[in-house]
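The data block below is input-v1.csv; it holds CSV, C-alpha atoms and all ligand atoms.
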chain,number,residue,atom,x,y,z
A,1,MET,CA,37.2,84.7,103.9
A,2,LYS,CA,37.3,81.9,106.5
A,3,GLN,CA,37.7,83.7,109.8
A,4,VAL,CA,38.0,87.1,111.4
A,5,ASP,CA,41.3,88.6,110.6
A,6,TRP,CA,41.9,91.9,112.4
A,7,LYS,CA,44.3,93.1,109.8
A,8,GLN,CA,41.4,93.1,107.4
A,9,VAL,CA,38.8,94.7,109.7
A,10,ASN,CA,38.9,98.3,108.5
A,11,PHE,CA,35.7,99.8,109.7
A,12,PRO,CA,35.6,101.2,113.3
A,13,LEU,CA,31.9,100.5,114.1
A,14,CYS,CA,29.9,97.3,114.5
A,15,LEU,CA,26.4,96.3,115.8
A,16,ALA,CA,26.0,94.8,119.2
A,17,PRO,CA,24.4,91.4,119.8
A,18,MET,CA,20.9,92.0,120.9
A,19,VAL,CA,18.2,89.4,121.5
A,20,GLY,CA,15.2,90.3,119.3
A,21,LEU,CA,17.1,92.9,117.3
A,22,SER,CA,20.4,91.8,115.8
A,23,HIS,CA,18.7,89.6,113.2
A,24,ILE,CA,19.1,89.4,109.5
A,25,VAL,CA,16.6,92.3,108.9
A,26,LEU,CA,18.4,94.9,110.9
A,27,ARG,CA,21.8,93.7,109.7
A,28,GLU,CA,20.7,93.9,106.1
A,29,ILE,CA,19.5,97.5,106.6
A,30,ILE,CA,22.8,98.5,108.3
A,31,GLN,CA,24.8,96.7,105.6
A,32,SER,CA,22.9,98.7,102.9
A,33,TYR,CA,24.5,101.9,104.3
A,34,LEU,CA,28.0,100.5,104.5
A,35,PRO,CA,30.3,101.3,101.5
A,36,ALA,CA,31.8,98.4,99.5
A,37,GLY,CA,35.1,97.3,100.9
A,38,ALA,CA,34.3,98.4,104.5
A,39,LEU,CA,34.8,95.3,106.6
A,40,THR,CA,33.4,95.1,110.2
A,41,LEU,CA,32.1,92.4,112.5
A,42,TRP,CA,28.5,91.2,112.3
A,43,PRO,CA,26.8,89.8,115.4
A,44,SER,CA,23.8,87.5,115.9
A,45,GLU,CA,21.2,87.5,118.6
A,46,MET,CA,22.4,85.4,121.5
A,47,LEU,CA,22.1,81.7,120.6
A,48,ASN,CA,21.6,79.1,123.2
A,49,SER,CA,24.1,76.3,122.7
A,50,ARG,CA,21.6,73.7,123.9
A,51,ARG,CA,19.3,74.6,121.1
A,52,VAL,CA,21.5,75.3,118.1
A,53,PRO,CA,22.5,71.7,117.4
A,54,GLY,CA,18.9,70.7,116.8
A,55,GLU,CA,18.0,73.7,114.7
A,56,ASN,CA,17.8,74.3,110.9
A,57,LEU,CA,20.0,77.4,110.8
A,58,ALA,CA,18.8,78.5,107.4
A,59,THR,CA,15.1,78.8,108.6
A,60,THR,CA,15.5,79.7,112.3
A,61,PRO,CA,15.0,83.5,112.5
A,62,GLU,CA,17.8,84.0,115.0
A,63,THR,CA,20.4,82.3,112.8
A,64,MET,CA,19.4,83.4,109.3
A,65,LYS,CA,22.2,85.3,107.6
A,66,LEU,CA,23.1,87.2,104.5
A,67,GLU,CA,25.6,85.9,101.9
A,68,ASN,CA,28.0,88.9,102.3
A,69,GLU,CA,28.4,89.2,106.0
A,70,THR,CA,32.1,89.5,106.5
A,71,PHE,CA,32.9,89.0,109.3
A,72,PHE,CA,30.0,87.1,110.9
A,73,VAL,CA,30.5,86.4,114.6
A,74,PRO,CA,27.4,84.8,116.1
A,75,GLN,CA,27.1,85.0,119.9
A,76,ILE,CA,26.5,81.9,122.0
A,77,LEU,CA,25.6,81.2,125.5
A,78,GLY,CA,26.5,78.0,127.3
A,79,ASN,CA,28.6,76.3,129.8
A,80,GLU,CA,28.7,72.6,128.8
A,81,GLN,CA,31.4,71.2,126.6
A,82,LYS,CA,29.3,69.0,124.3
A,83,PRO,CA,26.6,71.5,123.3
A,84,ILE,CA,29.2,74.2,122.9
A,85,GLU,CA,31.3,72.1,120.6
A,86,GLU,CA,28.4,71.0,118.5
A,87,THR,CA,27.1,74.5,118.3
A,88,ILE,CA,30.4,75.9,117.2
A,89,VAL,CA,31.0,73.2,114.6
A,90,LYS,CA,27.5,73.8,113.2
A,91,LEU,CA,27.9,77.5,113.1
A,92,LYS,CA,31.3,77.2,111.4
A,93,ASP,CA,29.8,75.0,108.7
A,94,TRP,CA,27.0,77.7,108.4
A,95,GLY,CA,29.6,80.3,107.6
A,96,ALA,CA,30.6,81.9,110.9
A,97,HIS,CA,33.9,83.7,110.9
A,98,GLY,CA,34.3,83.7,114.7
A,99,ILE,CA,32.3,82.9,117.8
A,100,ASP,CA,31.4,85.4,120.6
A,101,ILE,CA,30.7,84.1,124.1
A,102,ASN,CA,28.2,86.0,126.2
A,103,MET,CA,29.6,86.5,129.7
A,104,GLY,CA,26.7,88.7,130.7
A,105,CYS,CA,24.3,86.0,131.7
A,106,PRO,CA,26.6,84.1,134.0
A,107,VAL,CA,27.2,87.4,135.7
A,108,ARG,CA,23.5,87.9,136.3
A,109,LYS,CA,23.2,84.3,137.5
A,110,ALA,CA,26.1,84.8,139.8
A,111,LEU,CA,24.5,87.9,141.3
A,112,LYS,CA,21.1,86.1,141.7
A,113,HIS,CA,22.7,83.2,143.5
A,114,ASN,CA,24.7,85.6,145.7
A,115,TYR,CA,28.1,84.3,144.8
A,116,GLY,CA,29.4,87.6,146.1
A,117,VAL,CA,31.5,89.7,143.7
A,118,ALA,CA,30.0,88.6,140.4
A,119,LEU,CA,32.2,87.7,137.4
A,120,MET,CA,35.5,87.7,139.3
A,121,GLY,CA,34.2,84.9,141.5
A,122,ASP,CA,33.6,82.8,138.4
A,123,LEU,CA,37.1,83.2,136.9
A,124,ASP,CA,37.7,79.4,136.6
A,125,TYR,CA,34.3,78.8,135.1
A,126,ALA,CA,34.7,81.7,132.7
A,127,ALA,CA,38.2,80.6,131.6
A,128,ASN,CA,37.0,77.0,131.2
A,129,VAL,CA,34.1,78.1,128.9
A,130,VAL,CA,36.5,80.0,126.7
A,131,SER,CA,39.0,77.2,126.4
A,132,MET,CA,36.2,74.7,125.6
A,133,ALA,CA,35.0,77.0,122.9
A,134,ALA,CA,38.5,77.8,121.5
A,135,SER,CA,39.3,74.1,121.3
A,136,SER,CA,36.1,73.2,119.5
A,137,SER,CA,37.1,74.6,116.1
A,138,SER,CA,39.7,76.7,114.3
A,139,LEU,CA,37.4,79.8,114.7
A,140,PRO,CA,38.6,82.6,116.8
A,141,VAL,CA,36.6,83.1,120.0
A,142,SER,CA,35.8,86.5,121.5
A,143,VAL,CA,34.2,87.3,124.9
A,144,LYS,CA,31.7,90.0,125.6
A,145,LEU,CA,31.6,91.0,129.2
A,146,ARG,CA,30.6,93.8,131.5
A,147,ALA,CA,32.5,96.1,133.8
A,148,VAL,CA,33.6,95.2,137.3
A,149,GLU,CA,31.5,96.2,140.3
A,150,SER,CA,32.9,99.2,142.1
A,151,GLU,CA,34.0,97.2,145.1
A,152,GLN,CA,36.4,95.4,142.8
A,153,SER,CA,39.6,97.0,141.7
A,154,GLU,CA,40.4,97.7,138.1
A,155,GLN,CA,43.3,95.4,138.3
A,156,ASP,CA,40.7,92.6,139.0
A,157,LEU,CA,39.3,93.4,135.5
A,158,VAL,CA,42.7,93.1,133.9
A,159,ARG,CA,43.5,89.9,135.8
A,160,PHE,CA,40.2,88.4,134.8
A,161,VAL,CA,40.5,89.3,131.2
A,162,SER,CA,44.1,88.3,131.0
A,163,ARG,CA,43.0,84.8,132.2
A,164,LEU,CA,40.4,84.7,129.4
A,165,VAL,CA,43.0,85.7,126.9
A,166,ASP,CA,45.3,82.9,128.2
A,167,ALA,CA,42.4,80.5,127.8
A,168,GLY,CA,42.2,81.4,124.1
A,169,ALA,CA,40.1,84.6,123.7
A,170,ALA,CA,41.1,86.2,120.5
A,171,TRP,CA,39.6,89.6,121.4
A,172,ILE,CA,37.4,91.1,124.1
A,173,CYS,CA,34.4,93.3,124.0
A,174,LEU,CA,33.7,95.3,127.1
A,175,HIS,CA,30.4,97.0,128.0
A,176,PRO,CA,31.5,98.9,131.0
A,177,ARG,CA,28.2,99.2,132.9
A,178,VAL,CA,28.2,97.1,136.0
A,179,PRO,CA,25.6,94.4,136.2
A,180,SER,CA,23.4,96.3,138.6
A,181,GLN,CA,23.2,99.2,136.1
A,182,GLN,CA,21.6,96.8,133.6
A,183,ARG,CA,21.7,99.0,130.5
A,184,ARG,CA,21.1,102.4,132.1
A,185,GLY,CA,23.4,105.0,133.5
A,186,SER,CA,26.7,106.0,132.0
A,187,ALA,CA,29.2,103.5,130.8
A,188,ASP,CA,32.7,103.9,132.3
A,189,TRP,CA,34.9,104.2,129.2
A,190,SER,CA,38.0,104.4,131.4
A,191,GLN,CA,37.8,100.6,131.8
A,192,ILE,CA,37.9,100.2,128.0
A,193,LYS,CA,41.0,102.4,128.0
A,194,LEU,CA,42.6,100.4,130.8
A,195,LEU,CA,41.9,97.1,129.1
A,196,LYS,CA,43.3,98.4,125.8
A,197,ARG,CA,46.5,99.4,127.6
A,198,SER,CA,46.8,96.1,129.5
A,199,ILE,CA,46.1,93.3,127.0
A,200,LEU,CA,47.6,92.4,123.7
A,201,VAL,CA,44.4,91.2,121.9
A,202,PRO,CA,42.0,93.7,120.2
A,203,VAL,CA,39.5,95.4,122.4
A,204,VAL,CA,36.0,96.4,121.3
A,205,GLY,CA,34.3,99.1,123.4
A,206,ASN,CA,30.6,99.3,123.9
A,207,GLY,CA,28.1,101.5,125.8
A,208,ASP,CA,26.8,105.1,125.6
A,209,VAL,CA,27.5,105.4,121.8
A,210,GLN,CA,24.6,107.2,120.3
A,211,THR,CA,26.1,109.2,117.4
A,212,ALA,CA,28.9,109.1,114.8
A,213,ALA,CA,30.7,111.7,116.9
A,214,ASP,CA,30.5,109.3,119.9
A,215,VAL,CA,32.2,106.6,117.8
A,216,TRP,CA,35.2,108.9,117.2
A,217,ARG,CA,35.2,110.1,120.8
A,218,MET,CA,35.2,106.5,122.2
A,219,LYS,CA,38.0,105.6,119.8
A,220,ASN,CA,40.1,108.6,120.7
A,221,GLU,CA,39.5,108.5,124.4
A,222,THR,CA,40.1,104.7,124.9
A,223,GLY,CA,42.2,103.7,121.9
A,224,CYS,CA,39.9,100.7,121.4
A,225,ASP,CA,40.2,98.8,118.1
A,226,MET,CA,36.4,98.8,117.4
A,227,VAL,CA,33.4,100.6,118.7
A,228,MET,CA,30.2,98.5,119.2
A,229,ALA,CA,26.8,100.2,119.3
A,230,GLY,CA,23.5,98.6,120.1
A,231,ARG,CA,20.3,100.5,120.5
A,232,ALA,CA,21.4,103.7,118.8
A,233,LEU,CA,22.7,101.9,115.7
A,234,ALA,CA,19.4,100.0,115.6
A,235,ALA,CA,17.6,103.4,115.7
A,236,ARG,CA,19.9,105.1,113.1
A,237,PRO,CA,21.4,102.4,110.9
A,238,TRP,CA,22.8,105.1,108.6
A,239,MET,CA,25.3,105.9,111.4
A,240,VAL,CA,27.6,103.6,109.5
A,241,ALA,CA,27.3,105.9,106.5
A,242,GLN,CA,28.0,109.0,108.7
A,243,VAL,CA,31.1,107.3,110.0
A,244,ALA,CA,32.1,106.2,106.5
A,245,GLN,CA,31.7,109.8,105.2
A,246,ASP,CA,33.8,111.0,108.1
A,247,MET,CA,36.5,108.6,106.9
A,248,GLY,CA,36.4,110.0,103.4
A,249,TYR,CA,34.3,107.3,101.7
A,250,ASP,CA,32.0,108.6,99.0
A,251,VAL,CA,28.6,107.5,100.3
A,252,GLY,CA,26.4,110.0,98.6
A,253,PHE,CA,23.7,111.8,100.6
A,254,VAL,CA,23.8,111.0,104.4
A,255,ALA,CA,21.1,112.2,106.8
A,256,ARG,CA,22.6,114.4,109.4
A,257,THR,CA,20.1,117.0,110.6
A,258,SER,CA,17.3,116.0,113.0
A,259,GLU,CA,14.7,116.4,110.2
A,260,GLU,CA,16.7,114.4,107.7
A,261,GLU,CA,17.3,111.7,110.3
A,262,ALA,CA,13.6,111.5,111.1
A,263,ILE,CA,12.9,111.0,107.3
A,264,GLU,CA,15.6,108.3,107.2
A,265,TYR,CA,14.1,106.6,110.2
A,266,GLY,CA,10.8,106.4,108.4
A,267,LEU,CA,12.4,104.9,105.3
A,268,CYS,CA,14.3,102.4,107.5
A,269,LEU,CA,11.2,101.4,109.3
A,270,LEU,CA,9.3,100.7,106.1
A,271,LYS,CA,12.2,98.6,104.9
A,272,PHE,CA,12.3,96.8,108.2
A,273,ILE,CA,8.7,95.8,107.9
A,274,LYS,CA,9.1,94.6,104.3
A,275,LEU,CA,12.2,92.6,105.0
A,276,SER,CA,10.7,91.2,108.2
A,277,ARG,CA,7.7,89.9,106.2
A,278,LYS,CA,10.0,88.4,103.6
A,279,TYR,CA,12.2,86.6,106.1
A,280,PHE,CA,9.9,85.9,109.0
A,281,GLY,CA,6.3,85.8,107.7
A,282,ASP,CA,3.5,88.2,108.7
A,283,ASN,CA,2.9,87.3,112.3
A,284,LEU,CA,6.5,87.2,113.5
A,285,ALA,CA,7.3,90.3,111.4
A,286,LEU,CA,4.6,92.2,113.3
A,287,ARG,CA,6.1,91.1,116.6
A,288,LYS,CA,9.6,91.9,115.6
A,289,THR,CA,8.6,95.3,114.3
A,290,ASN,CA,6.8,96.2,117.5
A,291,PHE,CA,9.9,95.2,119.5
A,292,TYR,CA,12.1,97.3,117.2
A,293,LEU,CA,9.7,100.3,117.7
A,294,ARG,CA,9.9,100.0,121.5
A,295,THR,CA,13.7,100.1,121.4
A,296,THR,CA,14.3,102.7,118.7
A,297,THR,CA,11.4,105.3,119.0
A,298,PRO,CA,12.9,107.1,122.1
A,299,TRP,CA,15.0,109.1,119.7
A,300,LEU,CA,12.0,110.2,117.6
A,301,GLU,CA,9.8,113.1,118.5
A,302,PHE,CA,6.3,111.6,119.1
A,303,GLY,CA,7.9,108.2,118.8
A,304,HIS,CA,5.4,106.9,121.4
A,305,SER,CA,2.6,107.3,118.9
A,306,LEU,CA,4.4,105.0,116.5
A,307,ILE,CA,4.4,102.4,119.3
A,308,GLY,CA,0.7,102.8,119.5
A,309,ILE,CA,0.3,102.5,115.7
A,310,GLY,CA,2.4,99.3,115.8
A,311,GLN,CA,0.3,97.8,118.6
A,312,LYS,CA,-3.0,98.5,116.7
A,313,ALA,CA,-1.9,97.1,113.4
A,314,LYS,CA,-3.3,93.6,112.5
A,315,SER,CA,-1.0,92.9,109.6
A,316,THR,CA,2.2,94.3,108.2
A,317,GLU,CA,0.4,95.8,105.3
A,318,GLU,CA,-1.8,97.7,107.6
A,319,LEU,CA,1.3,98.8,109.6
A,320,GLU,CA,3.0,100.0,106.4
A,321,ILE,CA,0.1,102.2,105.5
A,322,ALA,CA,-0.1,103.7,109.0
A,323,VAL,CA,3.7,104.3,109.1
A,324,ALA,CA,3.7,105.9,105.7
A,325,ASP,CA,0.9,108.2,106.9
A,326,PHE,CA,2.8,109.1,110.1
A,327,PHE,CA,5.9,110.1,108.1
A,328,LYS,CA,3.8,112.4,105.7
A,329,TYR,CA,4.3,115.0,108.4
A,330,SER,CA,7.8,116.3,109.2
A,331,HIS,CA,9.4,114.9,112.4
A,332,ARG,CA,12.6,115.4,114.3
A,333,MET,CA,15.0,112.8,115.6
A,334,SER,CA,17.2,113.8,118.5
A,335,ALA,CA,20.9,112.9,118.6
A,336,TYR,CA,20.6,111.7,122.2
A,337,THR,CA,18.1,110.1,124.4
A,338,GLU,CA,18.2,108.6,127.8
A,339,LEU,CA,18.9,104.9,127.2
A,340,ARG,CA,16.3,103.0,129.2
A,341,GLN,CA,15.2,99.9,127.4
B,1,LIG,C1,17.0,94.4,123.5
B,1,LIG,C2,18.5,94.1,123.9
B,1,LIG,C3,18.9,92.8,123.9
B,1,LIG,C4,20.2,92.5,124.2
B,1,LIG,N1,20.7,91.3,124.1
B,1,LIG,C5,22.0,91.0,124.3
B,1,LIG,C6,22.6,89.7,124.0
B,1,LIG,O1,21.9,88.8,123.6
B,1,LIG,N2,23.9,89.5,124.3
B,1,LIG,C7,24.7,90.5,124.7
B,1,LIG,O2,25.9,90.3,124.9
B,1,LIG,N3,24.2,91.7,125.0
B,1,LIG,C8,22.9,92.0,124.8
B,1,LIG,N4,22.4,93.3,125.0
B,1,LIG,C9,23.4,94.3,125.4
B,1,LIG,C10,24.0,95.0,124.2
B,1,LIG,O3,24.7,94.1,123.4
B,1,LIG,C11,24.9,96.2,124.6
B,1,LIG,O4,25.9,95.7,125.4
B,1,LIG,C12,24.1,97.2,125.4
B,1,LIG,O5,22.8,97.5,124.8
B,1,LIG,C13,24.9,98.5,125.5
B,1,LIG,O6,25.1,99.0,124.3
B,1,LIG,P1,24.3,100.3,123.7
B,1,LIG,O7,24.3,101.3,124.8
B,1,LIG,O8,25.0,100.7,122.5
B,1,LIG,O9,22.9,99.8,123.5
B,1,LIG,C14,21.1,93.6,124.6
B,1,LIG,C15,20.6,94.9,124.7
B,1,LIG,C16,19.3,95.2,124.3
B,1,LIG,C17,18.9,96.6,124.3
The structure in this file should be written as structure tokens.
Ligand SMILES: Cc1cc2nc3c(=O)[nH]c(=O)nc-3n(C[C@H](O)[C@H](O)[C@H](O)COP(=O)(O)O)c2cc1C
Amino acid sequence: MKQVDWKQVNFPLCLAPMVGLSHIVLREIIQSYLPAGALTLWPSEMLNSRRVPGENLATTPETMKLENETFFVPQILGNEQKPIEETIVKLKDWGAHGIDINMGCPVRKALKHNYGVALMGDLDYAANVVSMAASSSSLPVSVKLRAVESEQSEQDLVRFVSRLVDAGAAWICLHPRVPSQQRRGSADWSQIKLLKRSILVPVVGNGDVQTAADVWRMKNETGCDMVMAGRALAARPWMVAQVAQDMGYDVGFVARTSEEEAIEYGLCLLKFIKLSRKYFGDNLALRKTNFYLRTTTPWLEFGHSLIGIGQKAKSTEELEIAVADFFKYSHRMSAYTELRQ
């Protein structure tokens, strides 16, 4: 498969791009729960287009990938033609099936520099980045962006996104929390619905999805083509198996109760440590695991003690023993937590 083809994308849930988390290890774990034949989108961590051209993609932790990631859509950040072009060509040769452009950072920058209404003020800049990326290769280009601030009208969102689509965006992912919310507070799904009704390219909805039931609720409420989950899917990678089971796939046993989910979390964590050691080496594996623990333990009863265990461990072997001890006792994992990290 050479590039993302939405007619072939047949699974409604994908992982969000997350710095420090959406790497090969987490993707391999999530992939292990996905039934054969279920095709979704696979992100990368955000990649800086100034750095990618000089990197060895096979050995750089942020760009390592699996053989069977269909469809792999790494995310880039950039605003200059040459590095964007070089990055996209290199990622295409590396096996990317599409390119996602992060429009979160320019928003933050716009806010910091007081451009006034963020995002909308940067319409020309944003459209220019999309057309630069789209003309760099034959790969489809998507854009991930945030909601509009409340002082802007919803029609501004539609106008803005329509301009990105005219500039060549093949699909749009909307995380409808305004920049000032960062990643907290509730996501305004009505903006996903509005976008889906207003533009012709596929729309991916993101934000506030913590369970398989949320995946179906977002799909039903907004009509979006795909649901993207970040922190909760990192915490419960088997959510893809729950969704697959809801769709009628035979996926065998799937953890559903809070006790079953806590056991599954422990198993995933041990796998995370092992795979991190294999791909990243001991030191980086320890750091990556500690970051994973900080983001994912809020769902777990006594999760904070796991964070302490991670911080004390001097090696991944030591951590594995301590984690296995922790999960000798029964724990509970809640369906919902306040999303803070
Ligand atoms: C640790 C972390 C790193 C993130 N890094 C990125 C990033 O590199 N690019 C991006 O577009 N969004 C990034 N995000 C935002 C997520 O992609 C997603 O939009 C956000 O977490 C909301 O989804 P969720 O509520 O399902 O987690 C990051 C989020 C987290 C928690």
Practice task
Return as number ranges by chain the residues of protein, DNA or RNA that approach ligand LIG 1 (chain B) to within 6 Å, with all atoms listed in the file taken into account.
Solution key: A: 16-19, 45-46, 102, 144, 175, 183, 206-209, 229-232, 341
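What separates atom CA of Thr222 of chain A from atom CA of Gln155 of chain A is a distance of 16.6 Å.
Across A:Ile24, A:Leu174, A:Leu57, A:Val254, the tightest approach to Lys288 of chain A is made by A:Ile24 when counting all atoms listed in the file.
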Practice task
Step by step: start from the point (3.4, 87.1, 112.7) in the file's coordinates, keep every protein, DNA or RNA residue that has an atom no farther than 12 Å from it, count only C-alpha atoms, and write the set as a count of residues only.
Solution key: 21
Practice task
Write out as a ChimeraX atom specification each polymer residue whose atoms come within 8 Å of Ser44 of chain A, counting all atoms listed in the file; drop sequence neighbours fewer than 3 positions from it.
Solution key: /A:17-18,22-23,47,62-63,72-75
Exercise for the section: Could you give me, as number ranges by chain, the residues within 9 Å of Leu270 of chain A, counting only C-alpha atoms and dropping anything in the same chain fewer than 6 positions from it? Expected result: A: 319-320, 323-324
Completion exercise
Counting only C-alpha atoms, closest pick from A:Thr40, A:Gln311, A:Gln31, A:Ser162 relative to Lys7 of chain A is A:Thr40
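The protein and nucleic acid residues lying at most 8 Å from Val240 of chain A are Leu13, Ile30, Tyr33, Leu34, Ala212, Pro237, Val243 and Ala244 of chain A, with only C-alpha atoms considered and sequence neighbours fewer than 3 positions away removed.
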Handout entry: Arg256 of chain A surroundings by all atoms listed in the file, 10 Å radius, close-in-sequence under 3 positions cut, as a PyMOL selection string
Key = chain A and resi 212+238-239+242+253+259-262+264+333+335
Problem - Distance criterion (only C-alpha atoms): nearest to Glu338 of chain A out of A:Met228, A:Gln210, A:Asn128, A:Phe302 - result: A:Gln210
